[in-house]
Amino acid sequence: MYHPSRTTLSLMCAASVAVLLSACGGDDAPDLQNPGTSWPPQPTVTAHRGASALRPEHTLAAYQKAIEDGADIVEPDLVATKDGVLVARHENEISGTTNVSTLPQFAARKATKTIDGIPVTGWFTEDFTLAELKTLRARERIPANRPLNAAYDGQFEVPTLQEVIDLVKKESGARNKTIGLYPETKHPTYFKNIGLPLEKRLVDTLVRNGYHGKEAAVYLQSFEVANLKELRKLTDMRIVQLIDNPANPPAPNGAPRNAPYDFVAAGSKSTYKDLVTPAGLKEIATYADVVSPYKEVIIGRTGANELAAPSSFVADARAAGLKVHTWTLRPENPFLPPSMRRGDPASPSQRGDAEAEILAYLKAGIDGFFTDDPAVGRAAVTQFRK
């Protein structure tokens with residue numbers, strides 16, 4: 001029978017203690033949720049709804065693929081269930097991203113609601129408990145652009161915020177690399193008005209999972225303003241003001257889509273055009289750390305739909321003390337300027353030279369970007385750093 005020596009036993013014990021300390025977050029273990037001023041790396045690659053060009057959006061598989069492909073951060077859009085659980089869906093109306101419309105047991109849940117001033121018909125997360133929502137399965141939202149993703153239809157659940165956090169923490173530990181979170185509160189005025197406010201639920205979940213303060217690996221984002229100001233009172237975590245396309249036309253029913261909905265609900269006449277002025281950016285800097293506009297605010301398009309010269313937006317934001325991120329840089333031809341399209345330029349699913357578009361934005365001085373294909377984003381950053 002093997003009998004280890006006293007020295008061997010001592011070494012074995014020391015190793016066991018080191019492993020235990022690391023697992024428990026001992027003094028020498030890195031705090032991957034709060035990594036300090038060295039995070040995030042810049043420019044920052046954020047996986048928009050996960051690697052959504054490669055897997056159905058807002059699924060654990062999409063977030064996993066994003067991390068494998070080099071994303072620094074993953075983005076869960078957050079809505080609430082009937083029982084107040086935060087889940088990752090781009091919209092609270094889920095007929096386009098799940099199989100709910102095919103399930104007879106939920107046929108009676110179909111409804112028409114007014115969301116941010118616009119009538120929407122379908123099935124809504126706030127009408128389902130988490131247990132009911134977990135019986136649904138995700139599907140590809142834009143199969144014409146991403147037919148290969150449709151092969152995954154029916155395979156994945158709708159994840160909770162907690163499940164996304166668990167994945168991020170597991171992958172951060174396995175890779176000894178901080179993977180950040182970039183949660184977006186969707187339709188916060190609407191959810192507050194139906195008694196399911198998102199803000200405290202979000203902050204409480206993050207704090208419960210060990211995220212805290214300015215050095216947390218988190219960005220909190222919204223297209224609205226009042227809820228970001230509310231979040232600022234709740235936490236020191238980084239806050240991001242999203243800016244939709246100021247050139248958006250009104251909705252078919254005349255509802256404005258070129259202004260934060262909380263402005264509209266309060267009767268304000270201010271729009272996103274006001275927020276992107278130097279004065280608007282200074283106001284944003286009173287409650288936010290980053291401003292993240294639609295990409296054409298930074299680099300517009302010419303009459304031929306090619307990239308124009310960069311605007312003054314990045315310089316104006318810097319002058320206000322803000323970092324700049326932008327959205328969304330996608331790989332398929334319809335989302336790219338004509339000169340960057342490849343293969344059949346009219347194909348909705350053919351991929352173009354998305355790396356070239358990302359490089360143009362990096363050269364314009366942005367600090368980070370959202371991409372549907374983090375592998376392409378990572379390649380662009382590598383090329384830019386050279």
# chains A, B, ... in the order shown; residues from 1 in each chain; ligands from 1
>>> select_by_dssp(residues="region 110-207 of chain A", states="strand (DSSP E)", output="mmCIF file with C-alpha atoms, in the first residue's frame")
data_model
loop_
_atom_site.group_PDB
_atom_site.id
_atom_site.type_symbol
_atom_site.label_atom_id
_atom_site.label_comp_id
_atom_site.auth_asym_id
_atom_site.auth_seq_id
_atom_site.Cartn_x
_atom_site.Cartn_y
_atom_site.Cartn_z
ATOM 1 C CA ALA A 111 -53.394 40.103 -26.965
ATOM 2 C CA THR A 112 -52.978 43.598 -28.369
ATOM 3 C CA LYS A 113 -51.203 46.086 -26.135
ATOM 4 C CA THR A 114 -49.819 49.572 -26.550
ATOM 5 C CA ILE A 115 -46.064 49.476 -26.022
ATOM 6 C CA ILE A 118 -47.455 51.698 -30.589
ATOM 7 C CA PRO A 119 -50.120 48.941 -30.773
ATOM 8 C CA VAL A 120 -48.484 45.507 -30.712
ATOM 9 C CA THR A 121 -50.282 42.174 -31.115
ATOM 10 C CA GLY A 122 -48.844 38.902 -29.875
ATOM 11 C CA GLY A 180 -18.622 41.597 -18.702
ATOM 12 C CA LEU A 181 -22.384 42.079 -18.724
ATOM 13 C CA GLU A 184 -30.499 46.686 -21.209
ATOM 14 C CA THR A 185 -33.760 47.557 -19.501
#
>>> residues_around(residues="region 339-347 of chain A", least_positions_apart="3", cutoff="12 Å", atoms="only C-alpha atoms", output="PDB file with all heavy atoms, in the first residue's frame")
ATOM      1  N   ALA A 144     -34.582  34.976 -42.761  1.00  0.00           N
ATOM      2  CA  ALA A 144     -34.169  35.317 -44.123  1.00  0.00           C
ATOM      3  C   ALA A 144     -32.723  35.776 -44.152  1.00  0.00           C
ATOM      4  O   ALA A 144     -31.982  35.483 -45.106  1.00  0.00           O
ATOM      5  CB  ALA A 144     -35.081  36.408 -44.687  1.00  0.00           C
ATOM      6  N   ASN A 145     -32.300  36.492 -43.117  1.00  0.00           N
ATOM      7  CA  ASN A 145     -30.901  36.926 -43.026  1.00  0.00           C
ATOM      8  C   ASN A 145     -29.996  35.840 -42.466  1.00  0.00           C
ATOM      9  O   ASN A 145     -28.800  35.801 -42.784  1.00  0.00           O
ATOM     10  CB  ASN A 145     -30.788  38.168 -42.135  1.00  0.00           C
ATOM     11  CG  ASN A 145     -31.552  39.353 -42.669  1.00  0.00           C
ATOM     12  OD1 ASN A 145     -32.569  39.736 -42.108  1.00  0.00           O
ATOM     13  ND2 ASN A 145     -31.090  39.946 -43.755  1.00  0.00           N
ATOM     14  N   ARG A 146     -30.559  34.972 -41.632  1.00  0.00           N
ATOM     15  CA  ARG A 146     -29.745  33.981 -40.918  1.00  0.00           C
ATOM     16  C   ARG A 146     -30.385  32.595 -40.993  1.00  0.00           C
ATOM     17  O   ARG A 146     -30.818  32.029 -39.995  1.00  0.00           O
ATOM     18  CB  ARG A 146     -29.561  34.439 -39.467  1.00  0.00           C
ATOM     19  CG  ARG A 146     -28.700  35.702 -39.428  1.00  0.00           C
ATOM     20  CD  ARG A 146     -28.739  36.475 -38.158  1.00  0.00           C
ATOM     21  NE  ARG A 146     -27.924  37.674 -38.339  1.00  0.00           N
ATOM     22  CZ  ARG A 146     -27.796  38.649 -37.463  1.00  0.00           C
ATOM     23  NH1 ARG A 146     -28.432  38.583 -36.309  1.00  0.00           N
ATOM     24  NH2 ARG A 146     -27.033  39.691 -37.713  1.00  0.00           N
ATOM     25  N   PRO A 147     -30.458  32.032 -42.214  1.00  0.00           N
ATOM     26  CA  PRO A 147     -31.117  30.736 -42.373  1.00  0.00           C
ATOM     27  C   PRO A 147     -30.438  29.618 -41.603  1.00  0.00           C
ATOM     28  O   PRO A 147     -31.111  28.680 -41.162  1.00  0.00           O
ATOM     29  CB  PRO A 147     -31.079  30.497 -43.887  1.00  0.00           C
ATOM     30  CG  PRO A 147     -29.966  31.378 -44.395  1.00  0.00           C
ATOM     31  CD  PRO A 147     -29.979  32.566 -43.514  1.00  0.00           C
ATOM     32  N   ALA A 304     -25.200  57.676 -51.995  1.00  0.00           N
ATOM     33  CA  ALA A 304     -25.027  56.343 -52.571  1.00  0.00           C
ATOM     34  C   ALA A 304     -25.014  55.256 -51.499  1.00  0.00           C
ATOM     35  O   ALA A 304     -24.695  54.098 -51.790  1.00  0.00           O
ATOM     36  CB  ALA A 304     -23.736  56.286 -53.387  1.00  0.00           C
ATOM     37  N   ASN A 305     -25.323  55.625 -50.258  1.00  0.00           N
ATOM     38  CA  ASN A 305     -25.394  54.697 -49.126  1.00  0.00           C
ATOM     39  C   ASN A 305     -24.028  54.177 -48.689  1.00  0.00           C
ATOM     40  O   ASN A 305     -23.925  53.163 -48.010  1.00  0.00           O
ATOM     41  CB  ASN A 305     -26.329  53.516 -49.427  1.00  0.00           C
ATOM     42  CG  ASN A 305     -26.853  52.862 -48.156  1.00  0.00           C
ATOM     43  OD1 ASN A 305     -26.930  53.487 -47.094  1.00  0.00           O
ATOM     44  ND2 ASN A 305     -27.197  51.590 -48.250  1.00  0.00           N
ATOM     45  N   GLU A 306     -22.957  54.881 -49.070  1.00  0.00           N
ATOM     46  CA  GLU A 306     -21.618  54.538 -48.596  1.00  0.00           C
ATOM     47  C   GLU A 306     -21.329  55.313 -47.307  1.00  0.00           C
ATOM     48  O   GLU A 306     -22.056  56.244 -46.952  1.00  0.00           O
ATOM     49  CB  GLU A 306     -20.569  54.884 -49.663  1.00  0.00           C
ATOM     50  CG  GLU A 306     -20.713  54.123 -50.964  1.00  0.00           C
ATOM     51  CD  GLU A 306     -20.403  52.640 -50.846  1.00  0.00           C
ATOM     52  OE1 GLU A 306     -19.874  52.215 -49.793  1.00  0.00           O
ATOM     53  OE2 GLU A 306     -20.691  51.893 -51.789  1.00  0.00           O
ATOM     54  N   LEU A 307     -20.266  54.901 -46.611  1.00  0.00           N
ATOM     55  CA  LEU A 307     -19.890  55.613 -45.399  1.00  0.00           C
ATOM     56  C   LEU A 307     -19.432  57.023 -45.729  1.00  0.00           C
ATOM     57  O   LEU A 307     -18.597  57.223 -46.614  1.00  0.00           O
ATOM     58  CB  LEU A 307     -18.779  54.867 -44.660  1.00  0.00           C
ATOM     59  CG  LEU A 307     -19.098  53.476 -44.127  1.00  0.00           C
ATOM     60  CD1 LEU A 307     -17.900  52.933 -43.354  1.00  0.00           C
ATOM     61  CD2 LEU A 307     -20.342  53.480 -43.238  1.00  0.00           C
ATOM     62  N   ARG A 330     -23.222  44.573 -38.106  1.00  0.00           N
ATOM     63  CA  ARG A 330     -23.705  43.250 -38.501  1.00  0.00           C
ATOM     64  C   ARG A 330     -22.988  42.767 -39.758  1.00  0.00           C
ATOM     65  O   ARG A 330     -22.585  43.583 -40.594  1.00  0.00           O
ATOM     66  CB  ARG A 330     -25.216  43.298 -38.749  1.00  0.00           C
ATOM     67  CG  ARG A 330     -26.035  43.615 -37.498  1.00  0.00           C
ATOM     68  CD  ARG A 330     -27.525  43.605 -37.827  1.00  0.00           C
ATOM     69  NE  ARG A 330     -28.320  43.468 -36.630  1.00  0.00           N
ATOM     70  CZ  ARG A 330     -29.070  44.433 -36.102  1.00  0.00           C
ATOM     71  NH1 ARG A 330     -29.103  45.627 -36.670  1.00  0.00           N
ATOM     72  NH2 ARG A 330     -29.779  44.215 -35.015  1.00  0.00           N
ATOM     73  N   PRO A 331     -22.877  41.443 -39.960  1.00  0.00           N
ATOM     74  CA  PRO A 331     -22.047  40.938 -41.052  1.00  0.00           C
ATOM     75  C   PRO A 331     -22.754  40.746 -42.388  1.00  0.00           C
ATOM     76  O   PRO A 331     -22.076  40.572 -43.405  1.00  0.00           O
ATOM     77  CB  PRO A 331     -21.566  39.589 -40.517  1.00  0.00           C
ATOM     78  CG  PRO A 331     -22.676  39.119 -39.642  1.00  0.00           C
ATOM     79  CD  PRO A 331     -23.225  40.377 -39.000  1.00  0.00           C
ATOM     80  N   GLU A 332     -24.093  40.762 -42.423  1.00  0.00           N
ATOM     81  CA  GLU A 332     -24.774  40.420 -43.674  1.00  0.00           C
ATOM     82  C   GLU A 332     -24.888  41.630 -44.603  1.00  0.00           C
ATOM     83  O   GLU A 332     -24.959  42.780 -44.164  1.00  0.00           O
ATOM     84  CB  GLU A 332     -26.179  39.861 -43.381  1.00  0.00           C
ATOM     85  CG  GLU A 332     -26.181  38.541 -42.636  1.00  0.00           C
ATOM     86  CD  GLU A 332     -26.148  38.687 -41.130  1.00  0.00           C
ATOM     87  OE1 GLU A 332     -26.270  39.833 -40.628  1.00  0.00           O
ATOM     88  OE2 GLU A 332     -25.998  37.663 -40.441  1.00  0.00           O
ATOM     89  N   ASN A 333     -24.949  41.354 -45.907  1.00  0.00           N
ATOM     90  CA  ASN A 333     -24.966  42.406 -46.925  1.00  0.00           C
ATOM     91  C   ASN A 333     -25.980  43.524 -46.691  1.00  0.00           C
ATOM     92  O   ASN A 333     -25.637  44.706 -46.856  1.00  0.00           O
ATOM     93  CB  ASN A 333     -25.218  41.786 -48.307  1.00  0.00           C
ATOM     94  CG  ASN A 333     -23.937  41.275 -48.954  1.00  0.00           C
ATOM     95  OD1 ASN A 333     -22.843  41.628 -48.550  1.00  0.00           O
ATOM     96  ND2 ASN A 333     -24.088  40.435 -49.966  1.00  0.00           N
ATOM     97  N   PRO A 334     -27.244  43.231 -46.347  1.00  0.00           N
ATOM     98  CA  PRO A 334     -28.210  44.333 -46.237  1.00  0.00           C
ATOM     99  C   PRO A 334     -27.840  45.390 -45.207  1.00  0.00           C
ATOM    100  O   PRO A 334     -28.331  46.528 -45.298  1.00  0.00           O
ATOM    101  CB  PRO A 334     -29.509  43.616 -45.833  1.00  0.00           C
ATOM    102  CG  PRO A 334     -29.344  42.219 -46.300  1.00  0.00           C
ATOM    103  CD  PRO A 334     -27.887  41.921 -46.138  1.00  0.00           C
ATOM    104  N   PHE A 335     -26.982  45.028 -44.247  1.00  0.00           N
ATOM    105  CA  PHE A 335     -26.633  45.958 -43.185  1.00  0.00           C
ATOM    106  C   PHE A 335     -25.345  46.737 -43.497  1.00  0.00           C
ATOM    107  O   PHE A 335     -24.935  47.576 -42.689  1.00  0.00           O
ATOM    108  CB  PHE A 335     -26.470  45.203 -41.869  1.00  0.00           C
ATOM    109  CG  PHE A 335     -27.663  44.354 -41.515  1.00  0.00           C
ATOM    110  CD1 PHE A 335     -27.581  42.977 -41.522  1.00  0.00           C
ATOM    111  CD2 PHE A 335     -28.877  44.943 -41.193  1.00  0.00           C
ATOM    112  CE1 PHE A 335     -28.677  42.190 -41.203  1.00  0.00           C
ATOM    113  CE2 PHE A 335     -29.985  44.169 -40.879  1.00  0.00           C
ATOM    114  CZ  PHE A 335     -29.885  42.795 -40.891  1.00  0.00           C
ATOM    115  N   LEU A 336     -24.733  46.466 -44.652  1.00  0.00           N
ATOM    116  CA  LEU A 336     -23.439  47.061 -44.987  1.00  0.00           C
ATOM    117  C   LEU A 336     -23.555  48.042 -46.150  1.00  0.00           C
ATOM    118  O   LEU A 336     -24.469  47.932 -46.980  1.00  0.00           O
ATOM    119  CB  LEU A 336     -22.444  45.956 -45.373  1.00  0.00           C
ATOM    120  CG  LEU A 336     -22.037  44.993 -44.256  1.00  0.00           C
ATOM    121  CD1 LEU A 336     -21.319  43.775 -44.829  1.00  0.00           C
ATOM    122  CD2 LEU A 336     -21.149  45.703 -43.243  1.00  0.00           C
ATOM    123  N   GLN A 350     -26.090  36.656 -47.507  1.00  0.00           N
ATOM    124  CA  GLN A 350     -24.672  36.659 -47.878  1.00  0.00           C
ATOM    125  C   GLN A 350     -23.897  37.604 -46.965  1.00  0.00           C
ATOM    126  O   GLN A 350     -24.319  38.738 -46.703  1.00  0.00           O
ATOM    127  CB  GLN A 350     -24.507  37.114 -49.321  1.00  0.00           C
ATOM    128  CG  GLN A 350     -23.063  37.253 -49.779  1.00  0.00           C
ATOM    129  CD  GLN A 350     -22.395  35.924 -50.016  1.00  0.00           C
ATOM    130  OE1 GLN A 350     -22.959  35.071 -50.670  1.00  0.00           O
ATOM    131  NE2 GLN A 350     -21.202  35.743 -49.476  1.00  0.00           N
ATOM    132  N   ARG A 351     -22.755  37.147 -46.475  1.00  0.00           N
ATOM    133  CA  ARG A 351     -21.931  37.993 -45.613  1.00  0.00           C
ATOM    134  C   ARG A 351     -21.009  38.869 -46.452  1.00  0.00           C
ATOM    135  O   ARG A 351     -20.453  38.432 -47.456  1.00  0.00           O
ATOM    136  CB  ARG A 351     -21.084  37.118 -44.682  1.00  0.00           C
ATOM    137  CG  ARG A 351     -21.883  36.526 -43.548  1.00  0.00           C
ATOM    138  CD  ARG A 351     -21.096  35.445 -42.824  1.00  0.00           C
ATOM    139  NE  ARG A 351     -21.682  35.212 -41.511  1.00  0.00           N
ATOM    140  CZ  ARG A 351     -21.145  35.621 -40.372  1.00  0.00           C
ATOM    141  NH1 ARG A 351     -20.001  36.270 -40.366  1.00  0.00           N
ATOM    142  NH2 ARG A 351     -21.748  35.377 -39.222  1.00  0.00           N
ATOM    143  N   GLY A 352     -20.843  40.099 -45.968  1.00  0.00           N
ATOM    144  CA  GLY A 352     -19.941  41.025 -46.627  1.00  0.00           C
ATOM    145  C   GLY A 352     -18.695  41.267 -45.802  1.00  0.00           C
ATOM    146  O   GLY A 352     -18.342  40.475 -44.913  1.00  0.00           O
ATOM    147  N   ASP A 353     -18.015  42.389 -46.088  1.00  0.00           N
ATOM    148  CA  ASP A 353     -16.769  42.728 -45.389  1.00  0.00           C
ATOM    149  C   ASP A 353     -17.099  43.556 -44.151  1.00  0.00           C
ATOM    150  O   ASP A 353     -16.843  44.761 -44.091  1.00  0.00           O
ATOM    151  CB  ASP A 353     -15.839  43.489 -46.334  1.00  0.00           C
ATOM    152  CG  ASP A 353     -14.440  43.669 -45.747  1.00  0.00           C
ATOM    153  OD1 ASP A 353     -14.212  43.224 -44.599  1.00  0.00           O
ATOM    154  OD2 ASP A 353     -13.588  44.263 -46.427  1.00  0.00           O
ATOM    155  N   ALA A 354     -17.673  42.886 -43.142  1.00  0.00           N
ATOM    156  CA  ALA A 354     -18.054  43.580 -41.911  1.00  0.00           C
ATOM    157  C   ALA A 354     -16.837  44.096 -41.165  1.00  0.00           C
ATOM    158  O   ALA A 354     -16.924  45.113 -40.448  1.00  0.00           O
ATOM    159  CB  ALA A 354     -18.859  42.646 -41.022  1.00  0.00           C
ATOM    160  N   GLU A 355     -15.700  43.424 -41.321  1.00  0.00           N
ATOM    161  CA  GLU A 355     -14.492  43.888 -40.637  1.00  0.00           C
ATOM    162  C   GLU A 355     -14.108  45.289 -41.104  1.00  0.00           C
ATOM    163  O   GLU A 355     -13.671  46.124 -40.303  1.00  0.00           O
ATOM    164  CB  GLU A 355     -13.348  42.905 -40.886  1.00  0.00           C
ATOM    165  CG  GLU A 355     -12.092  43.233 -40.121  1.00  0.00           C
ATOM    166  CD  GLU A 355     -11.001  42.182 -40.299  1.00  0.00           C
ATOM    167  OE1 GLU A 355     -11.337  40.992 -40.510  1.00  0.00           O
ATOM    168  OE2 GLU A 355      -9.813  42.547 -40.246  1.00  0.00           O
ATOM    169  N   ALA A 356     -14.305  45.567 -42.384  1.00  0.00           N
ATOM    170  CA  ALA A 356     -13.966  46.892 -42.916  1.00  0.00           C
ATOM    171  C   ALA A 356     -14.849  47.966 -42.295  1.00  0.00           C
ATOM    172  O   ALA A 356     -14.384  49.068 -41.976  1.00  0.00           O
ATOM    173  CB  ALA A 356     -14.109  46.898 -44.432  1.00  0.00           C
ATOM    174  N   GLU A 357     -16.121  47.669 -42.114  1.00  0.00           N
ATOM    175  CA  GLU A 357     -17.012  48.653 -41.491  1.00  0.00           C
ATOM    176  C   GLU A 357     -16.596  48.913 -40.045  1.00  0.00           C
ATOM    177  O   GLU A 357     -16.531  50.061 -39.601  1.00  0.00           O
ATOM    178  CB  GLU A 357     -18.471  48.187 -41.546  1.00  0.00           C
ATOM    179  CG  GLU A 357     -19.414  49.261 -41.004  1.00  0.00           C
ATOM    180  CD  GLU A 357     -20.846  48.790 -40.850  1.00  0.00           C
ATOM    181  OE1 GLU A 357     -21.062  47.604 -40.538  1.00  0.00           O
ATOM    182  OE2 GLU A 357     -21.753  49.625 -41.010  1.00  0.00           O
ATOM    183  N   ILE A 358     -16.307  47.839 -39.314  1.00  0.00           N
ATOM    184  CA  ILE A 358     -15.892  48.011 -37.919  1.00  0.00           C
ATOM    185  C   ILE A 358     -14.619  48.841 -37.837  1.00  0.00           C
ATOM    186  O   ILE A 358     -14.496  49.738 -36.991  1.00  0.00           O
ATOM    187  CB  ILE A 358     -15.713  46.640 -37.250  1.00  0.00           C
ATOM    188  CG1 ILE A 358     -17.067  45.918 -37.152  1.00  0.00           C
ATOM    189  CG2 ILE A 358     -15.110  46.800 -35.853  1.00  0.00           C
ATOM    190  CD1 ILE A 358     -16.960  44.476 -36.693  1.00  0.00           C
ATOM    191  N   ALA A 360     -13.631  51.166 -39.786  1.00  0.00           N
ATOM    192  CA  ALA A 360     -13.945  52.576 -40.021  1.00  0.00           C
ATOM    193  C   ALA A 360     -14.411  53.245 -38.736  1.00  0.00           C
ATOM    194  O   ALA A 360     -14.036  54.394 -38.439  1.00  0.00           O
ATOM    195  CB  ALA A 360     -15.012  52.700 -41.108  1.00  0.00           C
TER     196      ALA A 360
END
>>> residues_around(residues="region 134-139 of chain A", least_positions_apart="6", cutoff="12 Å", atoms="only C-alpha atoms", output="PyMOL selection string")
chain A and resi 52+55-62+81+85+87-90+94-106+123+125+128+146-160
>>> select_by_dssp(residues="region 132-241 of chain A", states="helix (DSSP H, G or I)", output="PyMOL selection string")
chain A and resi 132-133+149-152+161-175+188-193+199-208+226-234
>>> residues_around(residues="region 27-37 of chain A", least_positions_apart="4", cutoff="9 Å", atoms="only C-alpha atoms", output="list in words")
Leu21, Ser22, Ala23, Lys169, Ser172, Gly173, Asn176, Lys177, Thr178, Ile179, Gly180, Asn209, Gly210, Tyr211, His212, Gly213, Lys214, Glu215, Ala216, Ala217 and Val218 of chain A
>>> atom_distance(atom1="CA of Asn253 (chain A)", atom2="CA of Asp116 (chain A)")
11.8 Å
>>> closest_atom_pairs(of="region 141-211 of chain A", to="region 260-276 of chain A", cutoff="9 Å", atoms="only C-alpha atoms", output="tab-separated table")
residue	atom	partner	partner_atom	distance
A:His187	CA	A:Tyr261	CA	8.1
A:Pro188	CA	A:Asp262	CA	8.5
A:Thr189	CA	A:Asp262	CA	6.3
>>> atom_distance(atom1="CA of Asn193 (chain A)", atom2="CA of Asn227 (chain A)")
12.5 Å
>>> residues_around(residues="Ile239 (chain A)", least_positions_apart="3", cutoff="9 Å", atoms="only C-alpha atoms", output="list in words")
Val218, Tyr219, Leu220, Gln221, Ser222, Leu228, Leu231, Arg232, Asp236, Tyr287, Ala288, Asp289, Val290 and Val291 of chain A
>>> closest_residue(among="A:Met237, A:Leu242, A:Leu281, A:Ala47", to="His325 (chain A)", atoms="only C-alpha atoms")
A:Leu242
>>> closest_residue(among="A:Asp127, A:Glu140, A:Asp316, A:Asp166", to="Ile298 (chain A)", atoms="only C-alpha atoms")
A:Asp316
>>> atom_distance(atom1="CA of Ser292 (chain A)", atom2="CA of Val240 (chain A)")
6.7 Å
>>> closest_residue(among="A:Arg378, A:His48, A:Arg238, A:Arg175", to="Thr326 (chain A)", atoms="only C-alpha atoms")
A:His48
>>> residues_around(residues="Leu161 (chain A)", least_positions_apart="3", cutoff="10 Å", atoms="only C-alpha atoms", output="list in words")
Pro76, Asp77, Leu78, Val79, Val85, Leu86, Val87, Ala88, Val158, Val164, Ile165, Asp166, Leu167, Pro183, Leu202, Thr205 and Leu206 of chain A
>>> write_last_selection(atoms="N, CA, C and O atoms", output="PDB file, in the first residue's frame")
ATOM      1  N   PRO A  76     -27.472  40.996 -22.490  1.00  0.00           N
ATOM      2  CA  PRO A  76     -28.845  40.523 -22.358  1.00  0.00           C
ATOM      3  C   PRO A  76     -29.828  41.694 -22.287  1.00  0.00           C
ATOM      4  O   PRO A  76     -29.722  42.562 -21.424  1.00  0.00           O
ATOM      5  N   ASP A  77     -30.784  41.733 -23.213  1.00  0.00           N
ATOM      6  CA  ASP A  77     -31.904  42.650 -23.086  1.00  0.00           C
ATOM      7  C   ASP A  77     -32.872  42.053 -22.074  1.00  0.00           C
ATOM      8  O   ASP A  77     -33.162  40.853 -22.128  1.00  0.00           O
ATOM      9  N   LEU A  78     -33.405  42.877 -21.184  1.00  0.00           N
ATOM     10  CA  LEU A  78     -34.176  42.346 -20.068  1.00  0.00           C
ATOM     11  C   LEU A  78     -35.626  42.820 -20.075  1.00  0.00           C
ATOM     12  O   LEU A  78     -35.908  44.016 -20.224  1.00  0.00           O
ATOM     13  N   VAL A  79     -36.524  41.838 -19.908  1.00  0.00           N
ATOM     14  CA  VAL A  79     -37.943  42.095 -19.693  1.00  0.00           C
ATOM     15  C   VAL A  79     -38.374  41.262 -18.495  1.00  0.00           C
ATOM     16  O   VAL A  79     -37.619  40.418 -18.005  1.00  0.00           O
ATOM     17  N   VAL A  85     -39.654  37.952 -12.648  1.00  0.00           N
ATOM     18  CA  VAL A  85     -38.301  37.472 -12.924  1.00  0.00           C
ATOM     19  C   VAL A  85     -37.785  38.139 -14.198  1.00  0.00           C
ATOM     20  O   VAL A  85     -38.520  38.231 -15.195  1.00  0.00           O
ATOM     21  N   LEU A  86     -36.538  38.596 -14.177  1.00  0.00           N
ATOM     22  CA  LEU A  86     -35.930  39.199 -15.360  1.00  0.00           C
ATOM     23  C   LEU A  86     -35.417  38.112 -16.286  1.00  0.00           C
ATOM     24  O   LEU A  86     -34.655  37.235 -15.875  1.00  0.00           O
ATOM     25  N   VAL A  87     -35.850  38.181 -17.549  1.00  0.00           N
ATOM     26  CA  VAL A  87     -35.433  37.200 -18.558  1.00  0.00           C
ATOM     27  C   VAL A  87     -34.881  37.940 -19.765  1.00  0.00           C
ATOM     28  O   VAL A  87     -35.159  39.126 -19.978  1.00  0.00           O
ATOM     29  N   ALA A  88     -34.110  37.229 -20.572  1.00  0.00           N
ATOM     30  CA  ALA A  88     -33.434  37.819 -21.721  1.00  0.00           C
ATOM     31  C   ALA A  88     -34.267  37.613 -22.986  1.00  0.00           C
ATOM     32  O   ALA A  88     -34.350  36.504 -23.509  1.00  0.00           O
ATOM     33  N   VAL A 158     -35.674  30.102 -22.980  1.00  0.00           N
ATOM     34  CA  VAL A 158     -35.526  31.524 -22.684  1.00  0.00           C
ATOM     35  C   VAL A 158     -34.760  31.629 -21.369  1.00  0.00           C
ATOM     36  O   VAL A 158     -35.232  31.155 -20.336  1.00  0.00           O
ATOM     37  N   VAL A 164     -27.790  33.822 -17.174  1.00  0.00           N
ATOM     38  CA  VAL A 164     -26.747  34.488 -17.963  1.00  0.00           C
ATOM     39  C   VAL A 164     -25.563  34.834 -17.061  1.00  0.00           C
ATOM     40  O   VAL A 164     -24.395  34.624 -17.428  1.00  0.00           O
ATOM     41  N   ILE A 165     -25.848  35.350 -15.877  1.00  0.00           N
ATOM     42  CA  ILE A 165     -24.779  35.667 -14.928  1.00  0.00           C
ATOM     43  C   ILE A 165     -23.996  34.403 -14.565  1.00  0.00           C
ATOM     44  O   ILE A 165     -22.752  34.413 -14.520  1.00  0.00           O
ATOM     45  N   ASP A 166     -24.696  33.310 -14.301  1.00  0.00           N
ATOM     46  CA  ASP A 166     -24.024  32.048 -13.951  1.00  0.00           C
ATOM     47  C   ASP A 166     -23.084  31.612 -15.066  1.00  0.00           C
ATOM     48  O   ASP A 166     -21.957  31.171 -14.803  1.00  0.00           O
ATOM     49  N   LEU A 167     -23.520  31.734 -16.312  1.00  0.00           N
ATOM     50  CA  LEU A 167     -22.668  31.366 -17.446  1.00  0.00           C
ATOM     51  C   LEU A 167     -21.437  32.267 -17.522  1.00  0.00           C
ATOM     52  O   LEU A 167     -20.305  31.789 -17.687  1.00  0.00           O
ATOM     53  N   PRO A 183     -26.433  44.614 -19.568  1.00  0.00           N
ATOM     54  CA  PRO A 183     -27.889  44.461 -19.600  1.00  0.00           C
ATOM     55  C   PRO A 183     -28.602  45.746 -20.006  1.00  0.00           C
ATOM     56  O   PRO A 183     -28.226  46.839 -19.592  1.00  0.00           O
ATOM     57  N   LEU A 202     -32.965  44.606 -11.265  1.00  0.00           N
ATOM     58  CA  LEU A 202     -31.684  44.440 -11.948  1.00  0.00           C
ATOM     59  C   LEU A 202     -30.521  44.673 -10.997  1.00  0.00           C
ATOM     60  O   LEU A 202     -29.610  43.838 -10.892  1.00  0.00           O
ATOM     61  N   THR A 205     -30.169  41.963  -8.295  1.00  0.00           N
ATOM     62  CA  THR A 205     -29.629  40.703  -8.823  1.00  0.00           C
ATOM     63  C   THR A 205     -28.122  40.795  -9.011  1.00  0.00           C
ATOM     64  O   THR A 205     -27.379  39.870  -8.664  1.00  0.00           O
ATOM     65  N   LEU A 206     -27.655  41.908  -9.547  1.00  0.00           N
ATOM     66  CA  LEU A 206     -26.216  42.072  -9.753  1.00  0.00           C
ATOM     67  C   LEU A 206     -25.468  42.104  -8.424  1.00  0.00           C
ATOM     68  O   LEU A 206     -24.442  41.434  -8.260  1.00  0.00           O
TER      69      LEU A 206
END
